[in-house]
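So the structure is just underneath, and the comments pick up after that.
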Amino acid sequence: MRLKQFFQRAAHAAATPDSRTACHPFPLLDSYTPLRGQECALYDSIREAVPIVDAAIDKLVRLCCSFEVSCPEEEAAQKLAHFARSVQVGYSGRGLHFFISRYLDSLLTYGTAVGEIVPTPEGDGISALVNAPLDLLEVKAGREPLQLDFYLRQGGRRIPVRCPQWLLFTALCPSDGKILGNSLLRSLPFVSSILLAIYSSIGHNFERIANLRYAVVYKPGSAPMDPAGAKETAESLAAQWSQAISSSGGRIRDFVAVGDVEIKVIGADNQMIDTEVPVRQMLEEIVAKLGLPPFMLGLSWSTSERMSIQQADLLTAEIESYRALIGPVLEKICGAALQLWGYDCPAEIHWNRIRLRDEEQLANARYLNAKADQLIREEEERH
């Protein structure tokens, strides 16, 4: 009986018209309230809804996470290189590169990244690295100055982490007095919501205008017609029109009617609104926040050669700032591995060169700098 009442209420609710209209399938973006704390689900929705945002973060991660590890001792360097290639990451990942890529992805998306070093049961090495989910972890200020306490959320309770020394924690540009960082997507929910509303309206309008609908109007003239005859005539016209427009083996059928019959395309007089300008305005705001040149995101905006070089230089500085954030994390992981193995040498992280400009231009720049230094030295020797 309860199930029957439940389905009756559900059917009544489905039949009741709703005055609210969903402009796009991501309502979380419309309910966004600024400065409400960390919103992991919100930022996930932005990456899922706006492909250019997802592509930009993936490109930043690939550009940043290119490195090699070493240490002064040859034997330790070999073990460290093997560790960087083969360490277990999560359930299916392998390698230090995979771990730091997921770590930086979380840092850019949510503003905060947390990882864990899992030592072996014997304590003679590292068995795995884990990217911790942020929704299960809580970070609070400790009793000591600049100390952080980590808690796990389980069943509405906060359980202190037993071994916080094995945790890795990084915050991206935290506000003054705050622990958690600010996401790279912090200022994009409002802009993304407008962009999705435009995209959704384009889809609805295209479905209404491009998918042709016809209006068949029969005018009986001045002769009187009884209701039964009018109904029979309307049904006959509808059946003949349905057969005429339906395809049968690629054959085209003609529609033949007697009398004054008018056929019109519904919405043929309307035109779709040009959305190029507002869409570009929203994309410019998004690209400006992400820090990637437009040509790297597939946007064919007019850009001069000098402007492209300047954009590449700015992106290089952006990548170096991200590397400065994740560098200490790599050093802590490699340093912990060396200590567990019994070595007392520091780990070194060597970042690969960011190849955003031609090697010829870089070589020419180095030549001009060396030439300038030579002229300066010659001038100083004369005096």
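Residue names in the structure tokens use chain letters A, B, ... in the order shown, residue numbers from 1 in each chain, and ligand numbers from 1 in the order shown.
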Please provide the set of residues having any atom within 9 Å of Leu137 in chain A, restricted to only C-alpha atoms, with same-chain residues fewer than 3 positions apart removed, written as a ChimeraX atom specification.
-> /A:114,132-134,150-153,158
Long-range neighbours of Lys264 in chain A as a count of residues only, 7 Å cut-off, only C-alpha atoms, 2 positions minimum in chain = 5
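Counting only C-alpha atoms, the residue from A:Leu325, A:Val87, A:Ile376, A:Leu136 that sits nearest to Thr120 in chain A is A:Val87.
Each of A:Ala347, A:Leu196, A:Leu290, A:Ala337 was checked against Pro278 in chain A using only C-alpha atoms; the smallest atom-to-atom distance is that of A:Leu196.
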What are the DSSP helix (DSSP H, G or I) residues of range 29-109 of chain A, as a ChimeraX atom specification?
-> /A:29,40-49,51-64,74-86,96-109
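From CA of Cys71 in chain A back to CA of Ser321 in chain A, the distance works out to 23.5 Å.
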